[in-house]
>>> print(open('upload_11.cif').read())   # mmCIF, C-alpha atoms
data_work
#
loop_
_atom_site.label_atom_id
_atom_site.label_comp_id
_atom_site.auth_asym_id
_atom_site.auth_seq_id
_atom_site.Cartn_x
_atom_site.Cartn_y
_atom_site.Cartn_z
CA MET C 1380 114.52 91.37 118.68
CA ALA C 1381 114.84 88.36 121.02
CA LYS C 1382 111.21 87.40 120.36
CA THR C 1383 111.77 87.47 116.57
CA ALA C 1384 114.98 85.47 116.95
CA THR C 1385 113.14 82.79 118.93
CA LYS C 1386 110.31 82.64 116.36
CA LEU C 1387 112.77 82.26 113.47
CA ASN C 1388 114.72 79.41 115.07
CA GLY C 1389 113.89 76.14 113.39
CA ILE C 1390 113.64 74.35 110.08
CA TRP C 1391 111.54 75.98 107.36
CA LEU C 1392 110.28 74.20 104.24
CA LEU C 1393 110.12 76.33 101.09
CA GLU C 1394 106.57 76.31 99.73
CA ILE C 1395 106.61 79.12 97.15
CA TYR C 1396 109.39 81.04 95.39
CA GLU C 1397 108.27 84.09 93.35
CA LYS C 1398 110.00 86.68 91.21
CA ASP C 1399 108.17 88.76 88.64
CA ASN C 1400 106.27 86.26 86.42
CA LEU C 1401 108.12 83.19 87.74
CA LYS C 1402 106.62 81.03 90.47
CA GLU C 1403 108.01 77.74 91.80
CA LEU C 1404 106.14 75.43 94.18
CA GLN C 1405 107.11 72.33 96.16
CA VAL C 1406 104.30 69.84 96.80
CA GLU C 1407 104.23 66.33 98.19
CA ASP C 1408 103.30 63.43 95.93
CA GLY C 1409 103.43 60.17 97.87
CA ASN C 1410 107.06 59.55 98.82
CA GLN C 1411 108.38 62.20 96.44
CA VAL C 1412 108.49 65.96 96.23
CA VAL C 1413 107.23 67.60 93.05
CA TYR C 1414 108.69 70.94 91.98
CA LYS C 1415 106.42 72.89 89.66
CA THR C 1416 107.61 75.92 87.72
CA TYR C 1417 105.12 78.45 86.35
CA ILE C 1418 105.71 81.45 84.12
CA LYS C 1419 102.80 83.87 83.85
CA ASP C 1420 100.65 81.26 85.66
CA GLU C 1421 101.31 78.62 82.97
CA LEU C 1422 102.96 75.37 84.02
CA GLN C 1423 106.39 75.13 82.34
CA LYS C 1424 108.23 72.35 84.12
CA VAL C 1425 107.65 69.51 86.60
CA LYS C 1426 110.53 67.81 88.39
CA LYS C 1427 110.42 65.06 91.02
CA LYS C 1428 112.94 64.59 93.85
CA GLU C 1429 113.10 62.57 97.03
CA GLY C 1430 113.73 65.54 99.33
CA TRP C 1431 112.62 69.09 100.09
CA ASN C 1432 114.35 72.45 99.82
CA VAL C 1433 114.54 73.77 103.38
CA ILE C 1434 116.48 76.31 105.42
CA GLU C 1435 117.40 76.29 109.09
CA PHE C 1436 117.96 79.32 111.29
CA THR C 1437 119.52 79.32 114.74
CA PHE C 1438 119.57 82.81 116.25
CA ARG C 1439 120.82 83.97 119.62
CA LYS C 1440 118.84 86.61 121.50
CA ASN C 1441 121.27 89.32 120.34
CA GLY C 1442 120.18 88.72 116.72
CA LYS C 1443 123.33 86.97 115.48
CA GLY C 1444 122.77 83.57 113.97
CA VAL C 1445 123.65 80.55 111.92
CA PHE C 1446 122.07 79.52 108.60
CA GLN C 1447 122.02 76.15 106.88
CA GLU C 1448 120.40 75.16 103.60
CA TYR C 1449 119.35 71.67 102.54
CA ASN C 1450 118.30 70.93 98.93
CA ASN C 1451 117.34 67.30 99.48
CA TYR C 1452 115.93 67.26 103.03
CA LYS C 1453 114.14 64.05 104.00
CA ILE C 1454 111.66 64.79 106.80
CA ASN C 1455 111.86 61.42 108.59
CA SER C 1456 115.59 60.84 108.17
CA ASP C 1457 118.27 61.12 110.87
CA PHE C 1458 120.90 61.99 108.25
CA GLN C 1459 120.74 65.22 106.22
CA GLU C 1460 123.20 66.56 103.68
CA ILE C 1461 123.91 70.28 104.13
CA GLU C 1462 124.02 72.18 100.85
CA SER C 1463 125.33 75.42 102.29
CA CYS C 1464 126.14 77.04 105.61
CA GLN C 1465 126.34 80.51 104.08
CA PRO C 1466 125.32 83.25 104.54
CA ILE C 1467 125.78 84.35 108.15
CA PRO C 1468 122.47 85.94 109.22
CA GLU C 1469 121.95 88.81 111.63
CA LEU C 1470 118.71 90.48 112.66
CA LYS C 1471 118.69 94.29 112.41
CA TRP C 1472 116.14 97.08 112.44
CA ARG C 1473 115.37 98.47 108.97
CA ASN C 1474 112.56 100.86 108.02
CA GLY C 1475 110.81 100.34 111.35
CA LYS C 1476 110.84 96.52 111.29
CA ILE C 1477 113.29 93.69 111.74
CA SER C 1478 115.10 92.36 108.67
CA ILE C 1479 117.62 89.57 108.19
CA TYR C 1480 121.01 90.83 107.01
CA MET C 1481 122.86 88.06 105.20
CA THR C 1482 126.66 88.22 104.98
CA TYR C 1483 128.10 86.06 102.20
CA MET C 1484 131.74 85.40 101.41
CA PHE C 1485 131.66 88.03 98.63
CA GLY C 1486 128.87 90.38 99.62
CA GLU C 1487 125.67 90.79 101.54
CA GLY C 1488 121.94 90.86 101.11
CA ILE C 1489 118.85 91.89 103.03
CA GLU C 1490 115.76 89.75 103.56
CA ASP C 1491 112.78 91.77 104.77
CA ILE C 1492 110.44 89.79 106.98
CA ILE C 1493 106.98 90.28 105.44
CA GLU C 1494 105.16 87.88 107.77
CA LEU C 1495 106.30 85.71 110.67
CA THR C 1496 104.14 83.42 112.78
CA LYS C 1497 104.95 80.18 114.59
CA GLU C 1498 104.10 78.26 111.41
CA LYS C 1499 104.72 80.67 108.50
CA LEU C 1500 107.60 82.84 107.27
CA ILE C 1501 107.44 85.12 104.24
CA ILE C 1502 110.59 87.02 103.28
CA GLU C 1503 111.50 89.26 100.34
CA ASN C 1504 114.97 90.37 99.31
CA GLN C 1505 116.17 93.57 97.65
CA ASP C 1506 115.94 91.88 94.21
CA GLY C 1507 112.19 91.31 94.60
CA ILE C 1508 112.46 87.56 95.25
CA LYS C 1509 109.71 86.52 97.63
CA ARG C 1510 109.73 83.19 99.44
CA LYS C 1511 107.07 81.58 101.59
CA TYR C 1512 108.11 78.95 104.13
CA LYS C 1513 106.28 76.56 106.44
CA ARG C 1514 107.87 75.50 109.75
CA ILE C 1515 108.52 71.76 109.98
CA LYS C 1516 110.65 71.70 113.18
#
>>> encode(input="upload_11.cif", output="structure tokens")
Amino acid sequence: MAKTATKLNGIWLLEIYEKDNLKELQVEDGNQVVYKTYIKDELQKVKKKEGWNVIEFTFRKNGKGVFQEYNNYKINSDFQEIESCQPIPELKWRNGKISIYMTYMFGEGIEDIIELTKEKLIIENQDGIKRKYKRIK
């Protein structure tokens, strides 16, 4: 578990969000971030922002951790506005592999780790939402 905790520590940029026929992507376009929304592989919406959607994990070797979410993260900025510091994550064994148990103020959720490398994280929750992240720090 300590090895997984160490690999997860860092800042992860959301590349792809998928659920059923919905897919959302973040891509860079000059100094802006473009969010593209697809339904059944057809482009439905394009939105531009100045910052990225990212998450940050800080786990201790015992699997307990801290989570922060940023919805307008600027990669080269010293100042970042935290969107949320919920849920409280904890690594636990589930079905023979390590999952991230998320404790929210009014409930909990489970994020199964589908793939984890030094540069890539793919997680899927119990509602079938799959997210692919790229490490940026």
>>> resolve_selection(input="upload_11.cif", expression="the PyMOL selection byres ((chain C and resi 1396) around 6)", output="list in words")
Ile1395, Glu1397, Lys1402, Glu1403, Lys1509 and Arg1510 of chain C
>>> residues_around(input="upload_11.cif", residues="C:Ile1477", least_positions_apart="4", cutoff="9 Å", atoms="all atoms listed in the file", output="PyMOL selection string")
chain C and resi 1380+1383+1470-1473+1491-1492
>>> resolve_selection(input="upload_11.cif", expression="the PyMOL selection byres ((chain C and resi 1386-1390) around 12)", output="VMD selection string")
chain C and resid 1380 to 1385 1391 to 1393 1431 to 1440 1442 to 1449 1452 to 1454 1468 to 1470 1477 to 1479 1492 1494 to 1502 1512 to 1516
>>> resolve_selection(input="upload_11.cif", expression="the PyMOL selection byres ((chain C and resi 1406-1415) around 8)", output="PDB file with C-alpha atoms, in the frame of the given file")
ATOM      1  CA  GLU C1394     106.570  76.310  99.730  1.00  0.00           C
ATOM      2  CA  GLU C1403     108.010  77.740  91.800  1.00  0.00           C
ATOM      3  CA  LEU C1404     106.140  75.430  94.180  1.00  0.00           C
ATOM      4  CA  GLN C1405     107.110  72.330  96.160  1.00  0.00           C
ATOM      5  CA  THR C1416     107.610  75.920  87.720  1.00  0.00           C
ATOM      6  CA  TYR C1417     105.120  78.450  86.350  1.00  0.00           C
ATOM      7  CA  LEU C1422     102.960  75.370  84.020  1.00  0.00           C
ATOM      8  CA  GLN C1423     106.390  75.130  82.340  1.00  0.00           C
ATOM      9  CA  LYS C1424     108.230  72.350  84.120  1.00  0.00           C
ATOM     10  CA  VAL C1425     107.650  69.510  86.600  1.00  0.00           C
ATOM     11  CA  LYS C1426     110.530  67.810  88.390  1.00  0.00           C
ATOM     12  CA  LYS C1427     110.420  65.060  91.020  1.00  0.00           C
ATOM     13  CA  LYS C1428     112.940  64.590  93.850  1.00  0.00           C
ATOM     14  CA  GLU C1429     113.100  62.570  97.030  1.00  0.00           C
ATOM     15  CA  GLY C1430     113.730  65.540  99.330  1.00  0.00           C
ATOM     16  CA  TRP C1431     112.620  69.090 100.090  1.00  0.00           C
TER      17      TRP C1431
END
>>> atom_distance(input="upload_11.cif", atom1="atom CA of C:Glu1487", atom2="atom CA of C:Ile1467")
9.2 Å
